[in-house]
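Shown below: coords_23.cif, with mmCIF, C-alpha atoms and all ligand atoms.
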data_final
loop_
_atom_site.group_PDB
_atom_site.id
_atom_site.type_symbol
_atom_site.label_atom_id
_atom_site.label_comp_id
_atom_site.auth_asym_id
_atom_site.auth_seq_id
_atom_site.Cartn_x
_atom_site.Cartn_y
_atom_site.Cartn_z
ATOM 1 C CA MET A 734 104.769 114.074 69.599
ATOM 2 C CA ALA A 735 108.143 114.478 67.935
ATOM 3 C CA LYS A 736 110.692 116.464 69.923
ATOM 4 C CA VAL A 737 113.852 118.365 69.049
ATOM 5 C CA VAL A 738 116.434 116.982 71.477
ATOM 6 C CA ALA A 739 119.792 118.285 70.281
ATOM 7 C CA GLY A 740 121.689 120.259 67.682
ATOM 8 C CA VAL A 741 125.115 119.881 66.107
ATOM 9 C CA GLY A 742 127.183 122.299 64.038
ATOM 10 C CA SER A 743 130.030 120.684 62.113
ATOM 11 C CA SER A 744 132.301 121.445 59.200
ATOM 12 C CA HIS A 745 132.018 118.834 56.452
ATOM 13 C CA ILE A 746 135.568 118.795 55.081
ATOM 14 C CA PRO A 747 135.821 116.025 52.443
ATOM 15 C CA ALA A 748 139.389 115.020 53.417
ATOM 16 C CA LEU A 749 138.011 113.958 56.823
ATOM 17 C CA GLY A 750 135.825 111.384 55.129
ATOM 18 C CA ALA A 751 138.771 110.125 53.092
ATOM 19 C CA ALA A 752 140.948 109.940 56.244
ATOM 20 C CA SER A 753 138.294 107.822 57.977
ATOM 21 C CA ASP A 754 137.654 105.646 54.922
ATOM 22 C CA HIS A 755 141.385 104.926 54.538
ATOM 23 C CA ASN A 756 141.962 104.379 58.274
ATOM 24 C CA LYS A 757 144.321 107.299 58.771
ATOM 25 C CA GLN A 758 142.818 108.289 62.138
ATOM 26 C CA ASN A 759 146.034 107.565 64.029
ATOM 27 C CA GLU A 760 148.411 109.333 61.673
ATOM 28 C CA PRO A 761 150.007 112.412 63.311
ATOM 29 C CA TYR A 762 148.109 114.864 61.085
ATOM 30 C CA TRP A 763 144.702 113.322 61.795
ATOM 31 C CA GLN A 764 145.063 112.013 65.345
ATOM 32 C CA PRO A 765 144.269 115.305 67.148
ATOM 33 C CA VAL A 766 141.266 115.861 64.877
ATOM 34 C CA PHE A 767 139.690 112.443 65.441
ATOM 35 C CA GLU A 768 140.496 112.706 69.143
ATOM 36 C CA GLY A 769 138.397 115.868 69.212
ATOM 37 C CA PHE A 770 135.400 113.900 67.887
ATOM 38 C CA GLY A 771 135.510 111.487 70.857
ATOM 39 C CA PRO A 772 133.393 113.410 73.395
ATOM 40 C CA ALA A 773 130.782 114.282 70.735
ATOM 41 C CA ARG A 774 130.521 110.620 69.714
ATOM 42 C CA GLU A 775 129.928 109.638 73.366
ATOM 43 C CA TRP A 776 127.390 112.444 73.790
ATOM 44 C CA ILE A 777 125.344 111.504 70.712
ATOM 45 C CA LYS A 778 125.043 107.934 72.050
ATOM 46 C CA ASP A 779 123.192 109.407 75.058
ATOM 47 C CA VAL A 780 121.110 111.707 72.882
ATOM 48 C CA ALA A 781 120.178 108.643 70.807
ATOM 49 C CA PRO A 782 118.150 110.461 68.150
ATOM 50 C CA ASP A 783 115.614 108.479 66.116
ATOM 51 C CA VAL A 784 116.035 110.880 63.218
ATOM 52 C CA VAL A 785 118.725 113.377 62.237
ATOM 53 C CA ILE A 786 117.665 116.226 59.977
ATOM 54 C CA LEU A 787 120.953 116.965 58.284
ATOM 55 C CA ILE A 788 121.326 120.407 56.739
ATOM 56 C CA TYR A 789 124.084 120.508 54.180
ATOM 57 C CA ASN A 790 124.902 121.710 50.709
ATOM 58 C CA ASP A 791 125.401 119.741 47.569
ATOM 59 C CA HIS A 792 128.746 120.602 45.900
ATOM 60 C CA ALA A 793 127.488 120.138 42.309
ATOM 61 C CA SER A 794 127.303 116.364 42.912
ATOM 62 C CA ALA A 795 123.575 115.542 42.828
ATOM 63 C CA PHE A 796 122.568 118.813 41.177
ATOM 64 C CA SER A 797 124.373 120.463 38.293
ATOM 65 C CA VAL A 798 124.235 124.123 37.348
ATOM 66 C CA GLU A 799 121.148 123.237 35.273
ATOM 67 C CA LEU A 800 119.022 123.232 38.407
ATOM 68 C CA ILE A 801 119.840 125.276 41.477
ATOM 69 C CA ASN A 802 117.236 125.149 44.217
ATOM 70 C CA THR A 803 117.498 127.315 47.294
ATOM 71 C CA PHE A 804 116.065 124.721 49.700
ATOM 72 C CA VAL A 805 115.501 121.030 48.927
ATOM 73 C CA LEU A 806 114.110 118.563 51.444
ATOM 74 C CA GLY A 807 114.729 114.861 50.960
ATOM 75 C CA ALA A 808 111.454 112.945 50.688
ATOM 76 C CA ALA A 809 112.870 109.481 50.023
ATOM 77 C CA ASP A 810 113.250 106.357 52.152
ATOM 78 C CA GLU A 811 116.883 105.948 51.174
ATOM 79 C CA TYR A 812 119.762 108.051 49.876
ATOM 80 C CA ASP A 813 122.977 106.741 48.359
ATOM 81 C CA PRO A 814 126.413 108.320 48.878
ATOM 82 C CA ALA A 815 127.257 110.303 45.736
ATOM 83 C CA ASP A 816 130.131 109.573 43.385
ATOM 84 C CA GLU A 817 132.201 112.760 43.589
ATOM 85 C CA GLY A 818 134.699 111.634 40.961
ATOM 86 C CA TYR A 819 136.533 108.861 42.805
ATOM 87 C CA GLY A 820 133.633 106.465 43.436
ATOM 88 C CA PRO A 821 131.012 106.745 46.186
ATOM 89 C CA ARG A 822 132.313 106.697 49.772
ATOM 90 C CA GLN A 823 132.058 103.197 51.211
ATOM 91 C CA VAL A 824 129.740 104.277 54.008
ATOM 92 C CA PRO A 825 126.249 102.952 54.740
ATOM 93 C CA GLN A 826 123.301 104.072 52.674
ATOM 94 C CA LEU A 827 121.184 106.660 54.511
ATOM 95 C CA ILE A 828 117.760 105.418 55.578
ATOM 96 C CA GLY A 829 115.196 108.217 55.370
ATOM 97 C CA ASP A 830 111.636 108.562 56.620
ATOM 98 C CA SER A 831 109.298 109.543 53.804
ATOM 99 C CA ASP A 832 106.243 109.895 56.092
ATOM 100 C CA PHE A 833 108.061 112.353 58.334
ATOM 101 C CA SER A 834 109.482 114.169 55.287
ATOM 102 C CA SER A 835 105.984 114.554 53.820
ATOM 103 C CA HIS A 836 104.780 116.075 57.065
ATOM 104 C CA LEU A 837 107.752 118.456 57.235
ATOM 105 C CA ILE A 838 107.272 119.594 53.649
ATOM 106 C CA GLU A 839 103.559 120.226 54.145
ATOM 107 C CA SER A 840 104.142 122.178 57.348
ATOM 108 C CA LEU A 841 106.988 124.230 55.852
ATOM 109 C CA VAL A 842 105.137 125.091 52.660
ATOM 110 C CA LEU A 843 101.987 126.066 54.587
ATOM 111 C CA ASP A 844 104.315 128.188 56.724
ATOM 112 C CA GLU A 845 105.422 129.911 53.498
ATOM 113 C CA PHE A 846 108.827 128.227 53.098
ATOM 114 C CA ASP A 847 108.533 126.843 49.590
ATOM 115 C CA MET A 848 110.711 123.752 49.707
ATOM 116 C CA ALA A 849 111.636 121.792 46.630
ATOM 117 C CA LEU A 850 111.348 118.099 47.356
ATOM 118 C CA ALA A 851 113.677 115.347 46.275
ATOM 119 C CA ASN A 852 112.228 111.863 45.841
ATOM 120 C CA GLU A 853 115.647 110.686 44.747
ATOM 121 C CA MET A 854 118.929 112.348 45.666
ATOM 122 C CA ASP A 855 122.496 111.125 46.140
ATOM 123 C CA VAL A 856 124.262 112.827 49.033
ATOM 124 C CA ASP A 857 127.859 114.062 48.861
ATOM 125 C CA HIS A 858 130.552 114.759 51.485
ATOM 126 C CA GLY A 859 128.505 117.684 52.811
ATOM 127 C CA CYS A 860 126.071 115.114 54.199
ATOM 128 C CA THR A 861 128.166 111.987 54.781
ATOM 129 C CA VAL A 862 131.197 113.565 56.502
ATOM 130 C CA PRO A 863 129.229 114.922 59.518
ATOM 131 C CA LEU A 864 127.729 111.420 59.918
ATOM 132 C CA THR A 865 131.263 110.013 60.050
ATOM 133 C CA VAL A 866 132.283 112.701 62.543
ATOM 134 C CA MET A 867 129.413 111.859 64.896
ATOM 135 C CA PHE A 868 128.954 108.120 64.364
ATOM 136 C CA ASP A 869 132.383 106.851 63.241
ATOM 137 C CA LYS A 870 132.251 103.745 61.000
ATOM 138 C CA PRO A 871 129.153 101.670 61.815
ATOM 139 C CA ASP A 872 127.754 98.921 59.574
ATOM 140 C CA ALA A 873 124.539 100.961 59.433
ATOM 141 C CA TRP A 874 123.886 104.552 60.578
ATOM 142 C CA PRO A 875 122.253 104.349 64.022
ATOM 143 C CA CYS A 876 119.259 106.509 63.082
ATOM 144 C CA LYS A 877 117.225 107.686 60.134
ATOM 145 C CA VAL A 878 118.539 110.708 58.251
ATOM 146 C CA ILE A 879 116.550 113.335 56.384
ATOM 147 C CA PRO A 880 118.773 115.564 54.239
ATOM 148 C CA LEU A 881 117.906 119.236 53.842
ATOM 149 C CA CYS A 882 119.980 120.721 51.067
ATOM 150 C CA VAL A 883 120.670 124.467 50.802
ATOM 151 C CA ASN A 884 122.160 126.413 47.903
ATOM 152 C CA VAL A 885 125.295 128.047 49.260
ATOM 153 C CA ILE A 886 127.474 127.564 46.190
ATOM 154 C CA LYS A 887 125.893 129.967 43.711
ATOM 155 C CA TYR A 888 124.912 133.574 44.347
ATOM 156 C CA PRO A 889 122.258 134.550 45.412
ATOM 157 C CA GLN A 890 122.327 132.271 48.408
ATOM 158 C CA PRO A 891 119.572 132.738 51.001
ATOM 159 C CA THR A 892 120.372 135.194 53.803
ATOM 160 C CA GLY A 893 121.437 134.024 57.232
ATOM 161 C CA ASN A 894 118.258 135.553 58.609
ATOM 162 C CA ARG A 895 116.099 133.562 56.188
ATOM 163 C CA CYS A 896 117.935 130.424 57.260
ATOM 164 C CA TYR A 897 117.410 131.167 60.951
ATOM 165 C CA ASN A 898 113.687 131.652 60.340
ATOM 166 C CA LEU A 899 113.554 128.439 58.312
ATOM 167 C CA GLY A 900 114.996 126.739 61.394
ATOM 168 C CA LYS A 901 112.159 128.126 63.496
ATOM 169 C CA ALA A 902 109.598 126.866 60.980
ATOM 170 C CA LEU A 903 111.368 123.517 60.954
ATOM 171 C CA ARG A 904 111.025 123.274 64.743
ATOM 172 C CA LYS A 905 107.290 123.987 64.444
ATOM 173 C CA ALA A 906 107.033 121.316 61.746
ATOM 174 C CA ILE A 907 108.896 118.754 63.861
ATOM 175 C CA GLU A 908 106.858 119.467 66.987
ATOM 176 C CA SER A 909 103.561 119.006 65.143
ATOM 177 C CA TYR A 910 104.422 115.455 64.014
ATOM 178 C CA PRO A 911 102.364 112.987 66.055
ATOM 179 C CA GLU A 912 104.966 110.202 66.326
ATOM 180 C CA ASP A 913 106.973 110.040 69.578
ATOM 181 C CA ILE A 914 110.401 110.443 68.041
ATOM 182 C CA LYS A 915 113.566 112.234 69.113
ATOM 183 C CA VAL A 916 115.002 114.503 66.462
ATOM 184 C CA ALA A 917 118.497 115.974 66.287
ATOM 185 C CA VAL A 918 119.266 118.757 63.822
ATOM 186 C CA PHE A 919 122.731 118.976 62.275
ATOM 187 C CA GLY A 920 123.887 122.174 60.537
ATOM 188 C CA THR A 921 127.035 121.625 58.503
ATOM 189 C CA GLY A 922 129.639 123.419 56.427
ATOM 190 C CA GLY A 923 132.120 126.186 57.025
ATOM 191 C CA MET A 924 133.825 127.357 58.894
ATOM 192 C CA SER A 925 135.804 130.204 57.276
ATOM 193 C CA HIS A 926 137.416 128.938 54.098
ATOM 194 C CA GLN A 927 138.180 129.873 50.526
ATOM 195 C CA LEU A 928 139.028 127.205 47.962
ATOM 196 C CA GLN A 929 139.727 129.426 44.972
ATOM 197 C CA GLY A 930 141.089 132.740 43.730
ATOM 198 C CA GLU A 931 143.682 135.074 45.186
ATOM 199 C CA ARG A 932 142.705 134.433 48.792
ATOM 200 C CA ALA A 933 142.609 130.614 48.461
ATOM 201 C CA GLY A 934 143.577 129.051 51.769
ATOM 202 C CA LEU A 935 142.079 131.864 53.852
ATOM 203 C CA VAL A 936 141.118 130.800 57.374
ATOM 204 C CA ASN A 937 139.917 133.285 60.006
ATOM 205 C CA PRO A 938 139.997 131.574 63.438
ATOM 206 C CA GLU A 939 138.885 134.779 65.160
ATOM 207 C CA PHE A 940 135.744 134.937 63.016
ATOM 208 C CA ASP A 941 135.103 131.226 63.619
ATOM 209 C CA LYS A 942 135.491 131.557 67.392
ATOM 210 C CA ASN A 943 133.213 134.573 67.495
ATOM 211 C CA PHE A 944 130.613 132.682 65.422
ATOM 212 C CA MET A 945 130.652 129.778 67.875
ATOM 213 C CA ASP A 946 130.604 132.133 70.885
ATOM 214 C CA LYS A 947 127.488 133.907 69.620
ATOM 215 C CA LEU A 948 125.588 130.813 68.556
ATOM 216 C CA GLN A 949 124.122 130.008 71.969
ATOM 217 C CA ASN A 950 122.941 133.400 73.234
ATOM 218 C CA ASP A 951 123.390 135.885 70.438
ATOM 219 C CA ALA A 952 122.362 134.096 67.257
ATOM 220 C CA THR A 953 120.195 137.017 66.134
ATOM 221 C CA GLU A 954 123.411 139.058 65.946
ATOM 222 C CA LEU A 955 124.796 136.436 63.539
ATOM 223 C CA THR A 956 121.668 136.678 61.389
ATOM 224 C CA LYS A 957 122.678 140.276 60.585
ATOM 225 C CA LEU A 958 125.785 139.149 58.675
ATOM 226 C CA ASN A 959 125.184 139.703 54.965
ATOM 227 C CA HIS A 960 126.787 138.051 51.942
ATOM 228 C CA THR A 961 129.587 140.618 51.792
ATOM 229 C CA ASP A 962 130.387 140.174 55.501
ATOM 230 C CA TYR A 963 130.799 136.428 54.997
ATOM 231 C CA LEU A 964 132.870 136.917 51.860
ATOM 232 C CA ARG A 965 135.169 139.504 53.443
ATOM 233 C CA GLU A 966 135.608 137.881 56.843
ATOM 234 C CA SER A 967 135.287 134.169 56.132
ATOM 235 C CA GLY A 968 136.268 133.723 52.486
ATOM 236 C CA SER A 969 134.166 132.708 49.517
ATOM 237 C CA GLU A 970 132.983 129.419 51.071
ATOM 238 C CA GLY A 971 132.438 130.753 54.602
ATOM 239 C CA ILE A 972 128.823 131.405 53.592
ATOM 240 C CA GLU A 973 128.229 127.697 54.273
ATOM 241 C CA LEU A 974 127.851 128.792 57.912
ATOM 242 C CA ILE A 975 124.320 130.032 57.205
ATOM 243 C CA MET A 976 123.373 126.345 57.477
ATOM 244 C CA TRP A 977 124.408 126.410 61.163
ATOM 245 C CA LEU A 978 121.812 129.155 61.611
ATOM 246 C CA ILE A 979 119.040 126.827 60.383
ATOM 247 C CA MET A 980 120.135 124.384 63.090
ATOM 248 C CA ARG A 981 120.202 127.123 65.739
ATOM 249 C CA GLY A 982 116.768 128.379 64.670
ATOM 250 C CA ALA A 983 115.398 124.864 65.141
ATOM 251 C CA LEU A 984 116.570 124.798 68.784
ATOM 252 C CA SER A 985 114.910 126.595 71.672
ATOM 253 C CA ASP A 986 116.356 129.801 73.120
ATOM 254 C CA ASP A 987 117.306 127.718 76.159
ATOM 255 C CA ALA A 988 119.477 125.249 74.251
ATOM 256 C CA LYS A 989 122.891 124.899 75.925
ATOM 257 C CA GLU A 990 126.272 124.290 74.389
ATOM 258 C CA SER A 991 127.642 121.030 75.753
ATOM 259 C CA TYR A 992 130.772 120.515 73.676
ATOM 260 C CA ARG A 993 132.995 122.460 71.330
ATOM 261 C CA PHE A 994 136.071 121.557 69.305
ATOM 262 C CA TYR A 995 138.096 123.644 66.867
ATOM 263 C CA HIS A 996 141.276 122.672 65.059
ATOM 264 C CA VAL A 997 143.374 124.413 62.377
ATOM 265 C CA PRO A 998 144.452 123.378 59.820
ATOM 266 C CA VAL A 999 142.391 120.551 58.372
ATOM 267 C CA SER A 1000 142.710 120.247 54.604
ATOM 268 C CA ASN A 1001 142.199 123.799 53.291
ATOM 269 C CA THR A 1002 140.433 125.139 56.352
ATOM 270 C CA GLY A 1003 139.775 124.838 60.084
ATOM 271 C CA TYR A 1004 137.486 122.219 61.547
ATOM 272 C CA GLY A 1005 134.697 123.350 63.922
ATOM 273 C CA LEU A 1006 132.254 121.261 65.949
ATOM 274 C CA ILE A 1007 129.623 122.403 68.455
ATOM 275 C CA CYS A 1008 126.947 120.381 70.271
ATOM 276 C CA PHE A 1009 123.767 121.721 71.887
ATOM 277 C CA ASP A 1010 121.382 120.069 74.330
ATOM 278 C CA GLU A 1011 117.711 120.872 74.674
ATOM 279 C CA PRO A 1012 117.184 121.148 78.460
ATOM 280 C CA ASP A 1013 113.975 119.095 78.471
ATOM 281 C CA ALA A 1014 115.329 116.284 76.269
ATOM 282 C CA PRO A 1015 115.111 112.743 77.725
ATOM 283 C CA HIS A 1016 118.916 112.364 77.838
ATOM 284 C CA MET A 1017 119.097 115.476 80.063
ATOM 285 C CA GLN A 1018 116.543 114.036 82.505
ATOM 286 C CA ALA A 1019 118.444 110.765 82.673
ATOM 287 C CA SER A 1020 121.672 112.529 83.628
ATOM 288 C CA GLY A 1021 119.892 114.756 86.158
HETATM 289 C C1 LIG B 1101 136.860 121.784 51.848
HETATM 290 C C2 LIG B 1101 135.747 121.551 51.066
HETATM 291 C C3 LIG B 1101 134.477 121.844 51.538
HETATM 292 O O1 LIG B 1101 133.336 121.573 50.839
HETATM 293 C C4 LIG B 1101 134.323 122.421 52.759
HETATM 294 O O2 LIG B 1101 133.074 122.734 53.155
HETATM 295 C C5 LIG B 1101 135.433 122.665 53.553
HETATM 296 C C6 LIG B 1101 136.697 122.357 53.081
HETATM 297 C C7 LIG B 1101 138.236 121.426 51.387
HETATM 298 O O3 LIG B 1101 138.391 120.951 50.258
HETATM 299 O O4 LIG B 1101 139.184 121.598 52.165
HETATM 300 FE FE FE B 1102 131.517 122.480 51.685
#
Conversion result in C-alpha cells:
Amino acid sequence: MAKVVAGVGSSHIPALGAASDHNKQNEPYWQPVFEGFGPAREWIKDVAPDVVILIYNDHASAFSVELINTFVLGAADEYDPADEGYGPRQVPQLIGDSDFSSHLIESLVLDEFDMALANEMDVDHGCTVPLTVMFDKPDAWPCKVIPLCVNVIKYPQPTGNRCYNLGKALRKAIESYPEDIKVAVFGTGGMSHQLQGERAGLVNPEFDKNFMDKLQNDATELTKLNHTDYLRESGSEGIELIMWLIMRGALSDDAKESYRFYHVPVSNTGYGLICFDEPDAPHMQASG
C-alpha cells in the first residue's frame, strides 16, 4: 500500500527560482540561503519519495479571476512550468501520475472534500520553487509530482481548520492506494509577508517562529487562526501558510521535525523550511 513517509513546509519565493536559474547561489545575498537548503537536500535523498504531493497556490498564472476554485487536484501525467511574464522557468517538466490522482480524487470526494480536477494545468513558482529548494537543478525531477492547488489569493480562502482536515482526508486517500509507493507531502507558501498596500514589506519573524514551533505538537492550535489573525499578524499574503496545515494534517501525530531553516530577508519576505519524518518510514528504519 502507499505510505506517507515525510512532509516538508517551504516558502515558495519566486526570486529563489530566478537566483537558481541564473546561477546566483554563491553571491553574498543568496549564499546563506542556498547553504540552508543543503541538509534538506541530503535528507530528501534518503527519504527518496516515489511521489510528491505538492500543495501550492497559483498566483493568477494558470487560472485567471474568471475561475477561482478552492481546491484543485492535478489529474494529468505531465505539467509544464507556467509563463509568469518572463517566459517559463527552464526547469524540468513535472511528471504526474494520473492513476494515483484519480484514486485520490475519488477518495477525497467520497470523503466529502469536493475537489476540482485539472486534466491540464501549468504550474507557477508556487510549485516549481519548492522543487528547486529540495532537488536543486536536476535534468529531470527525481520523482513524480502531483500538484494540489489551493485558493489563497482571493477572499474567501478556506479556513486553516478546513485545510488541516483536508490533509487528514488526503492521508486516508494515500493509504488506501494499493501500489507500494512512498509519498512525501509538501506544503508551500508563506511565511509572513505582504506584497501590497501600506504594510508592504511586512515580515513577522516572531509569528513565523511560533508557527514552526507549533507545527509538530500543537497544530490544532494553529488551526484556530482565522483570516483576520493571519492578516493582522502575518500580512495579506501570510494566509498562504494554511497550505502548511494541509501537509501537517497528512502526517501522523507522531511525525517528528528533522530539520528547520529560517532566513530574513529573502526578496520581500523571510524564507522558512521545515522537514518532518514519519517514524515508521523506510528511511527511518535504515538509519536505525
Ligand atoms: C514573494 C512572492 C510570493 O508568491 C511569495 O509566496 C513570497 C514572496 C515575493 O515576491 O517576494
Ligand atoms: Fe506565494
Checklist entry - Which residues, written as a PyMOL selection string, have at least one atom at most 8 Å from Val741 in chain A, with only C-alpha atoms counted and residues fewer than 6 positions away on the same chain left out? => result chain A and resi 917-920+980+1006-1009
How big is the axis-aligned box, and where does its centre sit, when it encloses all atoms of ligand LIG 1101 (chain B) listed in the file and has 4 Å added on every side, reported in Å to one decimal as JSON?
{"center_x": 136.1, "center_y": 121.8, "center_z": 51.9, "size_x": 14.1, "size_y": 9.8, "size_z": 11.3}
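Atom to atom, CA of Arg965 in chain A and CA of Gly923 in chain A stand 14.1 Å apart.
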Item to check | Selection dump of the PyMOL selection byres (((chain A and resi 823) around 12) and not hetatm), as a PyMOL selection string | outcome: chain A and resi 750-751+753-755+813-816+819-822+824-827+857-858+861-862+865+870-873
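Listed by chain and then residue number, the contacts of ligand FE 1102 (chain B) are His745, Ile746, Asn790, His792, Gly859, Gly922, Gly923 and Glu973 of chain A (distance at most 7 Å, using all atoms listed in the file).
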Can you list every residue of chain A that has an atom at most 12 Å from ligand LIG 1101 (chain B), with its nearest atom pair and the distance in Å to one decimal, using all atoms listed in the file, ordered by chain then number, as JSON lines?
{"residue": "A:Ser743", "atom": "CA", "partner": "B:LIG1101", "partner_atom": "O2", "distance": 9.7}
{"residue": "A:Ser744", "atom": "CA", "partner": "B:LIG1101", "partner_atom": "O2", "distance": 6.2}
{"residue": "A:His745", "atom": "CA", "partner": "B:LIG1101", "partner_atom": "O2", "distance": 5.2}
{"residue": "A:Ile746", "atom": "CA", "partner": "B:LIG1101", "partner_atom": "C5", "distance": 4.2}
{"residue": "A:Pro747", "atom": "CA", "partner": "B:LIG1101", "partner_atom": "C2", "distance": 5.7}
{"residue": "A:Ala748", "atom": "CA", "partner": "B:LIG1101", "partner_atom": "O4", "distance": 6.7}
{"residue": "A:Leu749", "atom": "CA", "partner": "B:LIG1101", "partner_atom": "O4", "distance": 9.0}
{"residue": "A:Gly750", "atom": "CA", "partner": "B:LIG1101", "partner_atom": "C2", "distance": 10.9}
{"residue": "A:Ala751", "atom": "CA", "partner": "B:LIG1101", "partner_atom": "O3", "distance": 11.2}
{"residue": "A:Tyr789", "atom": "CA", "partner": "B:LIG1101", "partner_atom": "O2", "distance": 9.3}
{"residue": "A:Asn790", "atom": "CA", "partner": "B:LIG1101", "partner_atom": "O1", "distance": 8.4}
{"residue": "A:Asp791", "atom": "CA", "partner": "B:LIG1101", "partner_atom": "O1", "distance": 8.8}
{"residue": "A:His792", "atom": "CA", "partner": "B:LIG1101", "partner_atom": "O1", "distance": 6.8}
{"residue": "A:Ala793", "atom": "CA", "partner": "B:LIG1101", "partner_atom": "O1", "distance": 10.4}
{"residue": "A:Ser794", "atom": "CA", "partner": "B:LIG1101", "partner_atom": "O1", "distance": 11.2}
{"residue": "A:Glu817", "atom": "CA", "partner": "B:LIG1101", "partner_atom": "O1", "distance": 11.5}
{"residue": "A:Asp857", "atom": "CA", "partner": "B:LIG1101", "partner_atom": "O1", "distance": 9.5}
{"residue": "A:His858", "atom": "CA", "partner": "B:LIG1101", "partner_atom": "O1", "distance": 7.4}
{"residue": "A:Gly859", "atom": "CA", "partner": "B:LIG1101", "partner_atom": "O1", "distance": 6.5}
{"residue": "A:Cys860", "atom": "CA", "partner": "B:LIG1101", "partner_atom": "O1", "distance": 10.3}
{"residue": "A:Thr861", "atom": "CA", "partner": "B:LIG1101", "partner_atom": "O1", "distance": 11.6}
{"residue": "A:Val862", "atom": "CA", "partner": "B:LIG1101", "partner_atom": "O2", "distance": 9.9}
{"residue": "A:Pro863", "atom": "CA", "partner": "B:LIG1101", "partner_atom": "O2", "distance": 10.8}
{"residue": "A:Val885", "atom": "CA", "partner": "B:LIG1101", "partner_atom": "O2", "distance": 10.2}
{"residue": "A:Ile886", "atom": "CA", "partner": "B:LIG1101", "partner_atom": "O1", "distance": 9.6}
{"residue": "A:Gly920", "atom": "CA", "partner": "B:LIG1101", "partner_atom": "O2", "distance": 11.8}
{"residue": "A:Thr921", "atom": "CA", "partner": "B:LIG1101", "partner_atom": "O2", "distance": 8.1}
{"residue": "A:Gly922", "atom": "CA", "partner": "B:LIG1101", "partner_atom": "O2", "distance": 4.8}
{"residue": "A:Gly923", "atom": "CA", "partner": "B:LIG1101", "partner_atom": "O2", "distance": 5.3}
{"residue": "A:Met924", "atom": "CA", "partner": "B:LIG1101", "partner_atom": "C5", "distance": 7.3}
{"residue": "A:Ser925", "atom": "CA", "partner": "B:LIG1101", "partner_atom": "C5", "distance": 8.4}
{"residue": "A:His926", "atom": "CA", "partner": "B:LIG1101", "partner_atom": "C5", "distance": 6.6}
{"residue": "A:Gln927", "atom": "CA", "partner": "B:LIG1101", "partner_atom": "C6", "distance": 8.1}
{"residue": "A:Leu928", "atom": "CA", "partner": "B:LIG1101", "partner_atom": "O3", "distance": 6.7}
{"residue": "A:Gln929", "atom": "CA", "partner": "B:LIG1101", "partner_atom": "O3", "distance": 10.1}
{"residue": "A:Ala933", "atom": "CA", "partner": "B:LIG1101", "partner_atom": "O4", "distance": 10.3}
{"residue": "A:Gly934", "atom": "CA", "partner": "B:LIG1101", "partner_atom": "O4", "distance": 8.7}
{"residue": "A:Leu935", "atom": "CA", "partner": "B:LIG1101", "partner_atom": "O4", "distance": 10.8}
{"residue": "A:Val936", "atom": "CA", "partner": "B:LIG1101", "partner_atom": "C6", "distance": 10.5}
{"residue": "A:Ser967", "atom": "CA", "partner": "B:LIG1101", "partner_atom": "C5", "distance": 11.8}
{"residue": "A:Gly968", "atom": "CA", "partner": "B:LIG1101", "partner_atom": "C5", "distance": 11.1}
{"residue": "A:Ser969", "atom": "CA", "partner": "B:LIG1101", "partner_atom": "O2", "distance": 10.7}
{"residue": "A:Glu970", "atom": "CA", "partner": "B:LIG1101", "partner_atom": "O2", "distance": 7.0}
{"residue": "A:Gly971", "atom": "CA", "partner": "B:LIG1101", "partner_atom": "O2", "distance": 8.2}
{"residue": "A:Ile972", "atom": "CA", "partner": "B:LIG1101", "partner_atom": "O2", "distance": 9.7}
{"residue": "A:Glu973", "atom": "CA", "partner": "B:LIG1101", "partner_atom": "O2", "distance": 7.0}
{"residue": "A:Leu974", "atom": "CA", "partner": "B:LIG1101", "partner_atom": "O2", "distance": 9.3}
{"residue": "A:Met976", "atom": "CA", "partner": "B:LIG1101", "partner_atom": "O2", "distance": 11.2}
{"residue": "A:Val997", "atom": "CA", "partner": "B:LIG1101", "partner_atom": "O4", "distance": 11.4}
{"residue": "A:Pro998", "atom": "CA", "partner": "B:LIG1101", "partner_atom": "O4", "distance": 9.5}
{"residue": "A:Val999", "atom": "CA", "partner": "B:LIG1101", "partner_atom": "O4", "distance": 7.1}
{"residue": "A:Ser1000", "atom": "CA", "partner": "B:LIG1101", "partner_atom": "O4", "distance": 4.5}
{"residue": "A:Asn1001", "atom": "CA", "partner": "B:LIG1101", "partner_atom": "O4", "distance": 3.9}
{"residue": "A:Thr1002", "atom": "CA", "partner": "B:LIG1101", "partner_atom": "O4", "distance": 5.6}
{"residue": "A:Gly1003", "atom": "CA", "partner": "B:LIG1101", "partner_atom": "C6", "distance": 8.0}
{"residue": "A:Tyr1004", "atom": "CA", "partner": "B:LIG1101", "partner_atom": "C5", "distance": 8.3}
{"residue": "A:Gly1005", "atom": "CA", "partner": "B:LIG1101", "partner_atom": "C5", "distance": 10.4}
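The interatomic distance for the pair CA of Ile879 in chain A and CA of Asp830 in chain A works out to 6.9 Å.
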Item to check | Point (119.5, 109.9, 64.2) neighbourhood (7 Å, all atoms listed in the file) written as a ChimeraX atom specification | outcome: /A:781-785,875-878,916-917
Item to check | Cut-off 9 Å around (120.1, 111.7, 75.2) with only C-alpha atoms: residues as a list of chain:residue names | outcome: A:Val738, A:Ala739, A:Trp776, A:Ile777, A:Lys778, A:Asp779, A:Val780, A:Ala781, A:Pro782, A:Lys915, A:Asp1010, A:Ala1014, A:Pro1015, A:His1016, A:Met1017, A:Gln1018, A:Ala1019, A:Ser1020
Dump C-alpha atoms for the selected residues as a compact mmCIF listing (two decimals), keeping the file's coordinate frame?
# COMPACT_ATOMS: atom_id res chain seq x y z
CA VAL A 738 116.43 116.98 71.48
CA ALA A 739 119.79 118.28 70.28
CA TRP A 776 127.39 112.44 73.79
CA ILE A 777 125.34 111.50 70.71
CA LYS A 778 125.04 107.93 72.05
CA ASP A 779 123.19 109.41 75.06
CA VAL A 780 121.11 111.71 72.88
CA ALA A 781 120.18 108.64 70.81
CA PRO A 782 118.15 110.46 68.15
CA LYS A 915 113.57 112.23 69.11
CA ASP A 1010 121.38 120.07 74.33
CA ALA A 1014 115.33 116.28 76.27
CA PRO A 1015 115.11 112.74 77.72
CA HIS A 1016 118.92 112.36 77.84
CA MET A 1017 119.10 115.48 80.06
CA GLN A 1018 116.54 114.04 82.50
CA ALA A 1019 118.44 110.76 82.67
CA SER A 1020 121.67 112.53 83.63
Item to check | Separation of CA of Ala902 in chain A from CA of Ala983 in chain A in Å | outcome: 7.4 Å
Item to check | Neighbour list for Tyr897 in chain A as a PyMOL selection string, cut-off 8 Å, all atoms listed in the file, skip fewer than 2 positions in-chain | outcome: chain A and resi 893-895+899-901+956+975+978-983
